[in-house]
file query-v2.cif (mmCIF, C-alpha atoms and all ligand atoms)
data_coords
loop_
_atom_site.label_atom_id
_atom_site.label_comp_id
_atom_site.auth_asym_id
_atom_site.auth_seq_id
_atom_site.Cartn_x
_atom_site.Cartn_y
_atom_site.Cartn_z
CA MET A 257 -29.09 -52.15 200.78
CA ARG A 258 -27.33 -55.49 200.41
CA LEU A 259 -24.48 -55.28 197.94
CA PRO A 260 -23.03 -58.39 196.30
CA LYS A 261 -19.62 -59.50 197.52
CA SER A 262 -18.61 -60.83 194.17
CA ASP A 263 -17.20 -59.24 190.99
CA LEU A 264 -16.57 -61.18 187.79
CA HIS A 265 -15.16 -58.52 185.47
CA THR A 266 -11.53 -57.72 186.31
CA HIS A 267 -8.30 -57.39 184.34
CA THR A 268 -4.70 -58.03 185.38
CA VAL A 269 -1.16 -57.66 184.07
CA PHE A 270 -1.79 -60.65 181.79
CA CYS A 271 -3.72 -58.19 179.58
CA ASP A 272 -4.10 -54.42 180.05
CA GLY A 273 -4.67 -54.38 183.81
CA LYS A 274 -2.22 -53.08 186.41
CA GLY A 275 -2.30 -55.64 189.20
CA THR A 276 -1.28 -59.28 189.30
CA PRO A 277 -3.97 -61.94 189.58
CA GLU A 278 -2.74 -62.62 193.12
CA ALA A 279 -3.12 -58.94 194.09
CA THR A 280 -6.66 -59.06 192.71
CA VAL A 281 -7.51 -62.15 194.74
CA LEU A 282 -5.97 -60.69 197.91
CA GLU A 283 -7.88 -57.43 197.46
CA ALA A 284 -11.14 -59.34 197.09
CA ILE A 285 -10.36 -61.35 200.23
CA ALA A 286 -9.55 -58.14 202.11
CA ARG A 287 -13.00 -56.82 201.15
CA GLY A 288 -14.71 -59.92 202.46
CA TYR A 289 -15.76 -61.20 199.04
CA HIS A 290 -16.84 -64.83 198.75
CA THR A 291 -16.15 -64.98 194.99
CA VAL A 292 -13.99 -63.09 192.51
CA GLY A 293 -13.60 -63.66 188.79
CA ILE A 294 -10.68 -62.65 186.61
CA SER A 295 -11.65 -62.05 183.00
CA GLY A 296 -8.56 -61.33 180.89
CA HIS A 297 -9.05 -60.15 177.31
CA ALA A 298 -8.81 -63.26 175.15
CA TYR A 299 -6.20 -63.24 172.41
CA THR A 300 -7.03 -61.29 169.25
CA PRO A 301 -4.30 -61.86 166.63
CA PHE A 302 -5.06 -58.65 164.72
CA ASP A 303 -4.53 -56.41 167.77
CA THR A 304 -2.32 -57.41 170.69
CA SER A 305 -2.29 -53.97 172.32
CA PHE A 306 -4.60 -54.92 175.14
CA CYS A 307 -5.31 -58.64 174.95
CA MET A 308 -3.40 -61.53 176.49
CA THR A 309 -0.61 -63.15 174.52
CA ASP A 310 0.05 -65.89 177.08
CA GLU A 311 -3.29 -67.52 177.74
CA ALA A 312 -1.63 -70.79 178.82
CA GLY A 313 0.36 -68.92 181.49
CA TYR A 314 -2.80 -67.08 182.56
CA PHE A 315 -4.80 -70.26 183.03
CA ALA A 316 -1.92 -71.94 184.88
CA GLU A 317 -1.57 -68.99 187.27
CA LEU A 318 -5.32 -68.78 187.92
CA ARG A 319 -5.51 -72.52 188.58
CA ARG A 320 -2.63 -72.18 191.06
CA LEU A 321 -4.34 -69.29 192.86
CA LYS A 322 -7.72 -71.00 192.80
CA ALA A 323 -6.25 -73.96 194.71
CA LEU A 324 -4.03 -71.84 196.97
CA TYR A 325 -6.85 -69.59 198.23
CA ALA A 326 -9.73 -72.08 197.98
CA ASP A 327 -10.38 -71.97 201.73
CA ARG A 328 -10.73 -68.16 201.70
CA ILE A 329 -12.42 -67.26 198.39
CA SER A 330 -13.76 -68.87 195.24
CA LEU A 331 -11.64 -67.71 192.31
CA GLN A 332 -13.55 -68.09 189.05
CA ILE A 333 -11.53 -68.39 185.86
CA GLY A 334 -12.99 -66.16 183.18
CA LEU A 335 -12.25 -64.65 179.80
CA GLU A 336 -13.62 -61.58 178.09
CA ILE A 337 -13.93 -62.74 174.49
CA ASP A 338 -14.39 -60.26 171.69
CA ALA A 339 -16.89 -60.73 168.88
CA LEU A 340 -13.88 -61.08 166.55
CA GLY A 341 -12.00 -63.35 168.96
CA GLY A 342 -11.86 -67.09 169.36
CA GLY A 343 -14.11 -69.64 170.99
CA ARG A 344 -14.67 -70.73 174.57
CA PRO A 345 -11.68 -72.69 175.90
CA SER A 346 -12.29 -75.66 178.19
CA GLU A 347 -10.30 -74.02 181.02
CA VAL A 348 -12.85 -71.29 181.74
CA ASP A 349 -15.60 -71.19 184.35
CA TYR A 350 -17.45 -68.41 182.50
CA VAL A 351 -17.05 -65.96 179.64
CA ILE A 352 -17.99 -62.35 179.03
CA GLY A 353 -18.94 -61.67 175.41
CA SER A 354 -18.04 -58.15 174.25
CA VAL A 355 -17.64 -55.99 171.17
CA HIS A 356 -14.54 -53.76 171.01
CA TYR A 357 -14.11 -53.38 167.23
CA PHE A 358 -15.81 -52.33 164.06
CA ASP A 359 -14.90 -54.74 161.29
CA THR A 360 -15.30 -52.84 158.02
CA PRO A 361 -14.10 -53.30 154.43
CA SER A 362 -11.69 -50.41 155.13
CA GLY A 363 -10.19 -52.10 158.17
CA ARG A 364 -10.81 -52.64 161.85
CA PHE A 365 -11.37 -49.74 164.21
CA ASP A 366 -11.64 -49.64 167.98
CA VAL A 367 -15.04 -48.86 169.48
CA ASP A 368 -13.67 -47.46 172.72
CA ARG A 369 -10.14 -46.17 172.25
CA SER A 370 -10.90 -42.44 171.81
CA PRO A 371 -13.41 -40.04 170.22
CA GLU A 372 -10.84 -39.49 167.45
CA GLU A 373 -10.71 -43.21 166.68
CA LEU A 374 -14.51 -43.34 166.65
CA LEU A 375 -14.53 -40.48 164.14
CA ARG A 376 -12.02 -42.36 161.97
CA ALA A 377 -14.27 -45.42 162.07
CA LEU A 378 -17.27 -43.32 161.13
CA SER A 379 -15.51 -41.57 158.23
CA LEU A 380 -13.32 -44.33 156.85
CA GLY A 381 -15.34 -47.38 157.84
CA TYR A 382 -18.88 -46.18 157.27
CA GLY A 383 -18.56 -43.19 154.92
CA GLY A 384 -20.00 -40.89 157.59
CA ASN A 385 -23.20 -42.91 157.94
CA GLU A 386 -23.74 -43.14 161.69
CA HIS A 387 -26.82 -45.30 161.38
CA ALA A 388 -24.77 -47.90 159.52
CA MET A 389 -22.16 -47.71 162.26
CA ILE A 390 -24.71 -48.15 165.03
CA ASP A 391 -26.30 -51.08 163.17
CA ALA A 392 -22.90 -52.73 162.71
CA TYR A 393 -22.04 -52.39 166.38
CA PHE A 394 -25.27 -53.98 167.55
CA ALA A 395 -25.11 -56.70 164.89
CA SER A 396 -21.75 -57.66 166.42
CA VAL A 397 -23.27 -57.70 169.91
CA VAL A 398 -25.96 -60.12 168.71
CA ASP A 399 -23.29 -62.18 166.90
CA VAL A 400 -21.09 -62.62 169.95
CA CYS A 401 -24.12 -63.65 172.01
CA ASP A 402 -25.24 -66.18 169.39
CA ARG A 403 -21.73 -67.55 168.94
CA LEU A 404 -20.59 -67.86 172.56
CA ARG A 405 -23.77 -67.89 174.67
CA PRO A 406 -21.73 -65.90 177.21
CA GLU A 407 -22.66 -66.03 180.88
CA ILE A 408 -22.40 -62.23 180.82
CA VAL A 409 -22.99 -59.79 177.96
CA GLY A 410 -20.19 -57.21 178.30
CA HIS A 411 -20.87 -53.45 178.41
CA PHE A 412 -23.86 -53.63 176.07
CA ASP A 413 -23.77 -49.88 175.55
CA LEU A 414 -20.02 -49.38 174.92
CA LEU A 415 -20.76 -47.16 171.94
CA THR A 416 -21.88 -44.47 174.43
CA LYS A 417 -18.45 -44.31 176.11
CA PHE A 418 -17.64 -40.80 174.82
CA GLU A 419 -21.19 -39.45 174.94
CA GLU A 420 -20.31 -36.91 177.65
CA MET A 421 -17.11 -35.68 176.00
CA GLY A 422 -18.15 -34.91 172.45
CA SER A 423 -18.79 -38.21 170.70
CA PRO A 424 -18.88 -38.01 166.89
CA ILE A 425 -22.12 -39.99 166.88
CA ASN A 426 -25.46 -39.31 168.54
CA THR A 427 -26.11 -42.14 170.96
CA ARG A 428 -29.04 -40.28 172.51
CA SER A 429 -31.12 -40.43 169.34
CA GLU A 430 -34.28 -42.46 168.86
CA TYR A 431 -32.49 -44.29 166.07
CA TYR A 432 -29.81 -45.44 168.49
CA TYR A 433 -32.36 -46.48 171.10
CA GLY A 434 -34.38 -48.46 168.55
CA ALA A 435 -31.30 -50.29 167.28
CA ALA A 436 -30.21 -51.03 170.85
CA CYS A 437 -33.66 -52.40 171.74
CA ASP A 438 -33.76 -54.65 168.68
CA ALA A 439 -30.34 -56.04 169.63
CA LEU A 440 -31.40 -56.45 173.25
CA ALA A 441 -34.39 -58.54 172.24
CA ALA A 442 -32.19 -60.83 170.13
CA ALA A 443 -29.36 -61.01 172.69
CA VAL A 444 -31.53 -61.72 175.72
CA ARG A 445 -32.99 -64.81 174.05
CA VAL A 446 -29.59 -66.51 174.06
CA ALA A 447 -27.62 -64.59 176.72
CA PRO A 448 -30.00 -63.11 179.27
CA ARG A 449 -27.48 -61.79 181.81
CA LEU A 450 -26.25 -58.21 181.26
CA GLU A 451 -23.73 -56.36 183.38
CA ILE A 452 -24.04 -53.00 185.02
CA ASN A 453 -20.44 -52.10 184.23
CA SER A 454 -18.83 -49.17 186.07
CA GLY A 455 -15.44 -49.30 184.30
CA ALA A 456 -15.85 -46.10 182.30
CA VAL A 457 -16.96 -44.25 185.46
CA ALA A 458 -13.85 -45.37 187.34
CA ARG A 459 -11.72 -44.13 184.47
CA GLY A 460 -13.44 -40.76 184.19
CA TYR A 461 -15.22 -41.17 180.85
CA ARG A 462 -18.78 -41.40 182.07
CA SER A 463 -20.82 -40.32 185.07
CA GLU A 464 -22.95 -43.49 185.10
CA ALA A 465 -22.20 -47.13 184.46
CA TYR A 466 -23.33 -48.93 181.26
CA PRO A 467 -26.03 -49.31 180.14
CA SER A 468 -28.37 -46.30 180.27
CA ASP A 469 -31.43 -46.26 182.52
CA ARG A 470 -33.63 -46.44 179.46
CA LEU A 471 -31.95 -49.59 178.22
CA ILE A 472 -31.98 -51.16 181.68
CA SER A 473 -35.76 -50.68 181.75
CA ALA A 474 -36.11 -52.13 178.25
CA ALA A 475 -33.95 -55.11 179.20
CA LEU A 476 -35.99 -55.76 182.34
CA GLU A 477 -39.17 -55.82 180.27
CA LEU A 478 -37.52 -58.45 178.06
CA GLY A 479 -36.76 -60.61 181.09
CA ALA A 480 -33.03 -59.88 181.28
CA ARG A 481 -31.09 -60.37 184.48
CA PHE A 482 -28.38 -58.02 185.72
CA ILE A 483 -25.06 -58.55 187.46
CA LEU A 484 -22.90 -55.81 188.98
CA THR A 485 -19.35 -55.63 187.65
CA SER A 486 -16.49 -53.14 187.79
CA ASP A 487 -14.33 -53.97 184.74
CA ALA A 488 -11.52 -53.13 187.21
CA HIS A 489 -8.11 -52.64 185.66
CA THR A 490 -6.49 -52.20 189.10
CA PRO A 491 -7.23 -54.32 192.19
CA GLY A 492 -8.38 -51.23 194.09
CA ASN A 493 -11.30 -50.79 191.68
CA ILE A 494 -12.93 -54.13 192.42
CA GLY A 495 -16.58 -53.50 193.23
CA TYR A 496 -16.30 -49.91 192.02
CA ALA A 497 -19.54 -47.92 192.50
CA PHE A 498 -21.61 -51.05 193.19
CA GLU A 499 -23.71 -49.01 195.59
CA ARG A 500 -24.58 -46.49 192.88
CA SER A 501 -25.36 -49.30 190.40
CA ALA A 502 -27.66 -50.97 192.92
CA GLU A 503 -29.39 -47.65 193.65
CA ARG A 504 -30.08 -47.17 189.95
CA LEU A 505 -31.54 -50.66 189.60
CA LEU A 506 -33.74 -50.17 192.66
CA ALA A 507 -34.97 -46.83 191.30
CA LEU A 508 -35.93 -48.64 188.08
CA GLY A 509 -37.89 -51.26 189.99
CA CYS A 510 -35.31 -54.03 189.88
CA THR A 511 -34.83 -55.41 193.40
CA SER A 512 -32.49 -58.31 192.75
CA VAL A 513 -29.41 -59.11 190.71
CA ASP A 514 -27.56 -62.28 189.83
CA VAL A 515 -24.50 -62.99 191.92
CA ARG A 516 -21.82 -65.53 191.24
CA PHE A 517 -21.45 -67.65 194.35
CA GLY A 518 -18.69 -70.17 193.76
CA ASP A 519 -19.59 -72.07 190.59
CA ALA A 520 -23.21 -70.92 190.37
CA PHE A 521 -25.23 -67.82 189.67
CA LEU A 522 -27.76 -67.13 192.41
CA GLU A 523 -30.46 -64.53 192.72
CA HIS A 524 -29.45 -61.89 195.27
CA SER A 525 -31.91 -59.45 196.78
CA LEU A 526 -30.65 -55.88 196.93
CA LEU A 527 -33.11 -55.03 199.68
ZN ZN A 601 -14.48 -54.88 177.35
ZN ZN A 602 -13.23 -55.72 180.44
#
call {"tool": "encode", "arguments": {"input": "query-v2.cif", "output": "structure tokens", "more": "lines below"}}
Ligand SMILES: [Zn+2]
Ligand SMILES: [Zn+2]
result
Amino acid sequence: MRLPKSDLHTHTVFCDGKGTPEATVLEAIARGYHTVGISGHAYTPFDTSFCMTDEAGYFAELRRLKALYADRISLQIGLEIDALGGGRPSEVDYVIGSVHYFDTPSGRFDVDRSPEELLRALSLGYGGNEHAMIDAYFASVVDVCDRLRPEIVGHFDLLTKFEEMGSPINTRSEYYYGAACDALAAAVRVAPRLEINSGAVARGYRSEAYPSDRLISAALELGARFILTSDAHTPGNIGYAFERSAERLLALGCTSVDVRFGDAFLEHSLL
């Protein structure tokens, strides 16, 4: 199996990650990567608990590192922009479009903070109607794809994060699958590259990366492309479980992924 030597979904101390951008770049170089992307959470004024508050400093530092290490690795300057966040700044090489919030008349709730927070969102935001909650989540996914045309659609299936630890909603239902497929069809038309994101596996929430096998198959039928990412919040988790992600894709009949090579996405055979 040929694994990509490139990872575009990483976080640093500029947002909620633990390593500096330089430590991330050096770790990628140590692993023999040709390309690494740093994708800090773009500023969200209504919740600064995990986003960046100094985007200018972030871009300046990444530009410095990009030049400093240019002969050893291609550093790609990214941003993970939330559906409720801002637009695409001119400084970025790529963006990841993600949904981390429910925006309801009763307030905003986190999608992925904890099962308790998800229950609060369900009760207070949607009056206990889980179908409405599922619909709202996927409507936001389609929105962020329409609005940003992101190079990568972030953790498409984030709503399943707590599925293995007693989620208050049933994300294994046919209703959920149908809503996810409808959103996939709309998203893939404008943003056809989805990630196989192992972040929740690294952090002990899930046994497999997002999205589910069933949704991967549905996405492939729609002509989607996949890219392997780690959503690493520490430099040591770059490339986390890429081998497992590649095995899953191969088992589902997908023999190649997209890989960022310098400034371009190239098709990369896993075989
Ligand atoms: Zn995210
Ligand atoms: Zn992320």
call {"tool": "residues_near_point", "arguments": {"input": "query-v2.cif", "point": "(-33.4, -55.5, 173.2)", "cutoff": "12 Å", "atoms": "all atoms listed in the file", "output": "ChimeraX atom specification"}}
result
/A:394-395,397-398,412-413,432-448,450,467,470-480
call {"tool": "closest_residue", "arguments": {"input": "query-v2.cif", "among": "A:Arg516, A:Ala507, A:Pro491, A:Phe498", "to": "Tyr350 (chain A)", "atoms": "only C-alpha atoms"}}
result
A:Arg516
call {"tool": "residues_near_ligand", "arguments": {"input": "query-v2.cif", "ligand": "ligand ZN 602 (chain A)", "cutoff": "12 Å", "atoms": "only C-alpha atoms and all ligand atoms", "output": "ChimeraX atom specification"}}
result
/A:263-268,271-273,293-298,306-307,334-338,351-356,368,408-412,414,451,453-456,485-490
call {"tool": "write_last_selection", "arguments": {"input": "query-v2.cif", "atoms": "C-alpha atoms", "output": "CSV table (one decimal), keeping the file's coordinate frame"}}
result
chain,number,residue,atom,x,y,z
A,263,ASP,CA,-17.2,-59.2,191.0
A,264,LEU,CA,-16.6,-61.2,187.8
A,265,HIS,CA,-15.2,-58.5,185.5
A,266,THR,CA,-11.5,-57.7,186.3
A,267,HIS,CA,-8.3,-57.4,184.3
A,268,THR,CA,-4.7,-58.0,185.4
A,271,CYS,CA,-3.7,-58.2,179.6
A,272,ASP,CA,-4.1,-54.4,180.0
A,273,GLY,CA,-4.7,-54.4,183.8
A,293,GLY,CA,-13.6,-63.7,188.8
A,294,ILE,CA,-10.7,-62.6,186.6
A,295,SER,CA,-11.6,-62.0,183.0
A,296,GLY,CA,-8.6,-61.3,180.9
A,297,HIS,CA,-9.0,-60.2,177.3
A,298,ALA,CA,-8.8,-63.3,175.2
A,306,PHE,CA,-4.6,-54.9,175.1
A,307,CYS,CA,-5.3,-58.6,175.0
A,334,GLY,CA,-13.0,-66.2,183.2
A,335,LEU,CA,-12.2,-64.6,179.8
A,336,GLU,CA,-13.6,-61.6,178.1
A,337,ILE,CA,-13.9,-62.7,174.5
A,338,ASP,CA,-14.4,-60.3,171.7
A,351,VAL,CA,-17.0,-66.0,179.6
A,352,ILE,CA,-18.0,-62.4,179.0
A,353,GLY,CA,-18.9,-61.7,175.4
A,354,SER,CA,-18.0,-58.2,174.2
A,355,VAL,CA,-17.6,-56.0,171.2
A,356,HIS,CA,-14.5,-53.8,171.0
A,368,ASP,CA,-13.7,-47.5,172.7
A,408,ILE,CA,-22.4,-62.2,180.8
A,409,VAL,CA,-23.0,-59.8,178.0
A,410,GLY,CA,-20.2,-57.2,178.3
A,411,HIS,CA,-20.9,-53.4,178.4
A,412,PHE,CA,-23.9,-53.6,176.1
A,414,LEU,CA,-20.0,-49.4,174.9
A,451,GLU,CA,-23.7,-56.4,183.4
A,453,ASN,CA,-20.4,-52.1,184.2
A,454,SER,CA,-18.8,-49.2,186.1
A,455,GLY,CA,-15.4,-49.3,184.3
A,456,ALA,CA,-15.8,-46.1,182.3
A,485,THR,CA,-19.4,-55.6,187.6
A,486,SER,CA,-16.5,-53.1,187.8
A,487,ASP,CA,-14.3,-54.0,184.7
A,488,ALA,CA,-11.5,-53.1,187.2
A,489,HIS,CA,-8.1,-52.6,185.7
A,490,THR,CA,-6.5,-52.2,189.1
call {"tool": "atom_distance", "arguments": {"input": "query-v2.cif", "atom1": "CA of Gly492 (chain A)", "atom2": "CA of His290 (chain A)"}}
result
16.7 Å
call {"tool": "residues_near_point", "arguments": {"input": "query-v2.cif", "point": "(-11.9, -41.0, 168.6)", "cutoff": "12 Å", "atoms": "only C-alpha atoms", "output": "list in words"}}
result
Phe365, Asp366, Val367, Asp368, Arg369, Ser370, Pro371, Glu372, Glu373, Leu374, Leu375, Arg376, Ala377, Leu378, Ser379, Leu415, Lys417, Phe418, Glu419, Met421, Gly422, Ser423, Pro424 and Ile425 of chain A
call {"tool": "atom_distance", "arguments": {"input": "query-v2.cif", "atom1": "CA of Asp399 (chain A)", "atom2": "CA of Ile483 (chain A)"}}
result
21.0 Å
call {"tool": "residues_around", "arguments": {"input": "query-v2.cif", "residues": "Asp469 (chain A)", "least_positions_apart": "6", "cutoff": "9 Å", "atoms": "only C-alpha atoms", "output": "VMD selection string"}}
result
chain A and resid 504 to 505 508
call {"tool": "atom_distance", "arguments": {"input": "query-v2.cif", "atom1": "CA of Arg319 (chain A)", "atom2": "CA of Leu340 (chain A)"}}
result
26.2 Å
call {"tool": "residues_around", "arguments": {"input": "query-v2.cif", "residues": "Lys261 (chain A)", "least_positions_apart": "4", "cutoff": "7 Å", "atoms": "only C-alpha atoms", "output": "list in words"}}
result
Gly288, Tyr289, His290 and Thr291 of chain A
call {"tool": "write_last_selection", "arguments": {"input": "query-v2.cif", "atoms": "C-alpha atoms", "output": "mmCIF file, keeping the file's coordinate frame"}}
result
data_model
loop_
_atom_site.group_PDB
_atom_site.id
_atom_site.type_symbol
_atom_site.label_atom_id
_atom_site.label_comp_id
_atom_site.auth_asym_id
_atom_site.auth_seq_id
_atom_site.Cartn_x
_atom_site.Cartn_y
_atom_site.Cartn_z
ATOM 1 C CA GLY A 288 -14.710 -59.920 202.460
ATOM 2 C CA TYR A 289 -15.760 -61.200 199.040
ATOM 3 C CA HIS A 290 -16.840 -64.830 198.750
ATOM 4 C CA THR A 291 -16.150 -64.980 194.990
#
call {"tool": "residues_around", "arguments": {"input": "query-v2.cif", "residues": "Glu503 (chain A)", "least_positions_apart": "3", "cutoff": "12 Å", "atoms": "all atoms listed in the file", "output": "ChimeraX atom specification"}}
result
/A:257-259,452,464-465,469,484,497-500,506-513,526-527
call {"tool": "closest_residue", "arguments": {"input": "query-v2.cif", "among": "A:Leu404, A:Ala339, A:Ala502, A:Leu522", "to": "ligand ZN 601 (chain A)", "atoms": "only C-alpha atoms and all ligand atoms"}}
result
A:Ala339
call {"tool": "residues_around", "arguments": {"input": "query-v2.cif", "residues": "Gly518 (chain A)", "least_positions_apart": "5", "cutoff": "9 Å", "atoms": "only C-alpha atoms", "output": "list of chain:residue names"}}
result
A:His290, A:Thr291, A:Val292, A:Ile329, A:Ser330, A:Leu331, A:Gln332
call {"tool": "closest_residue", "arguments": {"input": "query-v2.cif", "among": "A:Leu318, A:Gly342, A:Glu386, A:Tyr357", "to": "ligand ZN 601 (chain A)", "atoms": "all atoms listed in the file"}}
result
A:Tyr357
call {"tool": "closest_residue", "arguments": {"input": "query-v2.cif", "among": "A:Arg344, A:Glu278, A:Ile333, A:Tyr466", "to": "ligand ZN 601 (chain A)", "atoms": "all atoms listed in the file"}}
result
A:Tyr466
call {"tool": "residues_around", "arguments": {"input": "query-v2.cif", "residues": "Gly363 (chain A)", "least_positions_apart": "5", "cutoff": "9 Å", "atoms": "all atoms listed in the file", "output": "PDB file with C-alpha atoms, in the coordinates of the input"}}
result
ATOM      1  CA  PHE A 358     -15.810 -52.330 164.060  1.00  0.00           C
ATOM      2  CA  ALA A 377     -14.270 -45.420 162.070  1.00  0.00           C
ATOM      3  CA  LEU A 380     -13.320 -44.330 156.850  1.00  0.00           C
ATOM      4  CA  GLY A 381     -15.340 -47.380 157.840  1.00  0.00           C
TER       5      GLY A 381
END
call {"tool": "build_atoms", "arguments": {"input": "query-v2.cif", "residues": "region 265-283 of chain A", "atoms": "N, CA and C atoms", "output": "short mmCIF file (atom, residue, chain, number, x, y, z; two decimals), in the coordinates of the input"}}
result
data_model
loop_
_atom_site.label_atom_id
_atom_site.label_comp_id
_atom_site.auth_asym_id
_atom_site.auth_seq_id
_atom_site.Cartn_x
_atom_site.Cartn_y
_atom_site.Cartn_z
N HIS A 265 -15.79 -59.19 186.62
CA HIS A 265 -15.16 -58.52 185.47
C HIS A 265 -13.94 -57.73 185.95
N THR A 266 -12.78 -58.36 185.88
CA THR A 266 -11.53 -57.72 186.31
C THR A 266 -10.40 -58.08 185.34
N HIS A 267 -9.45 -57.18 185.23
CA HIS A 267 -8.30 -57.39 184.34
C HIS A 267 -7.00 -57.28 185.14
N THR A 268 -5.99 -57.99 184.66
CA THR A 268 -4.70 -58.03 185.38
C THR A 268 -3.56 -57.76 184.40
N VAL A 269 -2.33 -57.88 184.92
CA VAL A 269 -1.16 -57.66 184.07
C VAL A 269 -1.05 -58.65 182.92
N PHE A 270 -1.83 -59.72 182.95
CA PHE A 270 -1.79 -60.65 181.79
C PHE A 270 -2.39 -59.98 180.55
N CYS A 271 -3.26 -58.96 180.74
CA CYS A 271 -3.72 -58.19 179.58
C CYS A 271 -3.40 -56.72 179.85
N ASP A 272 -4.39 -55.86 179.90
CA ASP A 272 -4.10 -54.42 180.05
C ASP A 272 -4.36 -53.90 181.46
N GLY A 273 -4.47 -54.81 182.44
CA GLY A 273 -4.67 -54.38 183.81
C GLY A 273 -3.34 -54.06 184.50
N LYS A 274 -3.44 -53.52 185.72
CA LYS A 274 -2.22 -53.08 186.41
C LYS A 274 -1.78 -53.99 187.55
N GLY A 275 -2.69 -54.79 188.08
CA GLY A 275 -2.30 -55.64 189.20
C GLY A 275 -2.11 -57.08 188.77
N THR A 276 -1.40 -57.85 189.59
CA THR A 276 -1.28 -59.28 189.30
C THR A 276 -2.58 -59.99 189.66
N PRO A 277 -2.80 -61.18 189.14
CA PRO A 277 -3.97 -61.94 189.58
C PRO A 277 -3.97 -62.14 191.10
N GLU A 278 -2.80 -62.38 191.67
CA GLU A 278 -2.74 -62.62 193.12
C GLU A 278 -3.16 -61.37 193.89
N ALA A 279 -2.72 -60.19 193.42
CA ALA A 279 -3.12 -58.94 194.09
C ALA A 279 -4.63 -58.75 193.99
N THR A 280 -5.21 -59.16 192.88
CA THR A 280 -6.66 -59.06 192.71
C THR A 280 -7.39 -59.97 193.69
N VAL A 281 -6.89 -61.19 193.81
CA VAL A 281 -7.51 -62.15 194.74
C VAL A 281 -7.37 -61.65 196.18
N LEU A 282 -6.19 -61.16 196.53
CA LEU A 282 -5.97 -60.69 197.91
C LEU A 282 -6.83 -59.48 198.23
N GLU A 283 -7.02 -58.59 197.25
CA GLU A 283 -7.88 -57.43 197.46
C GLU A 283 -9.33 -57.87 197.69
#
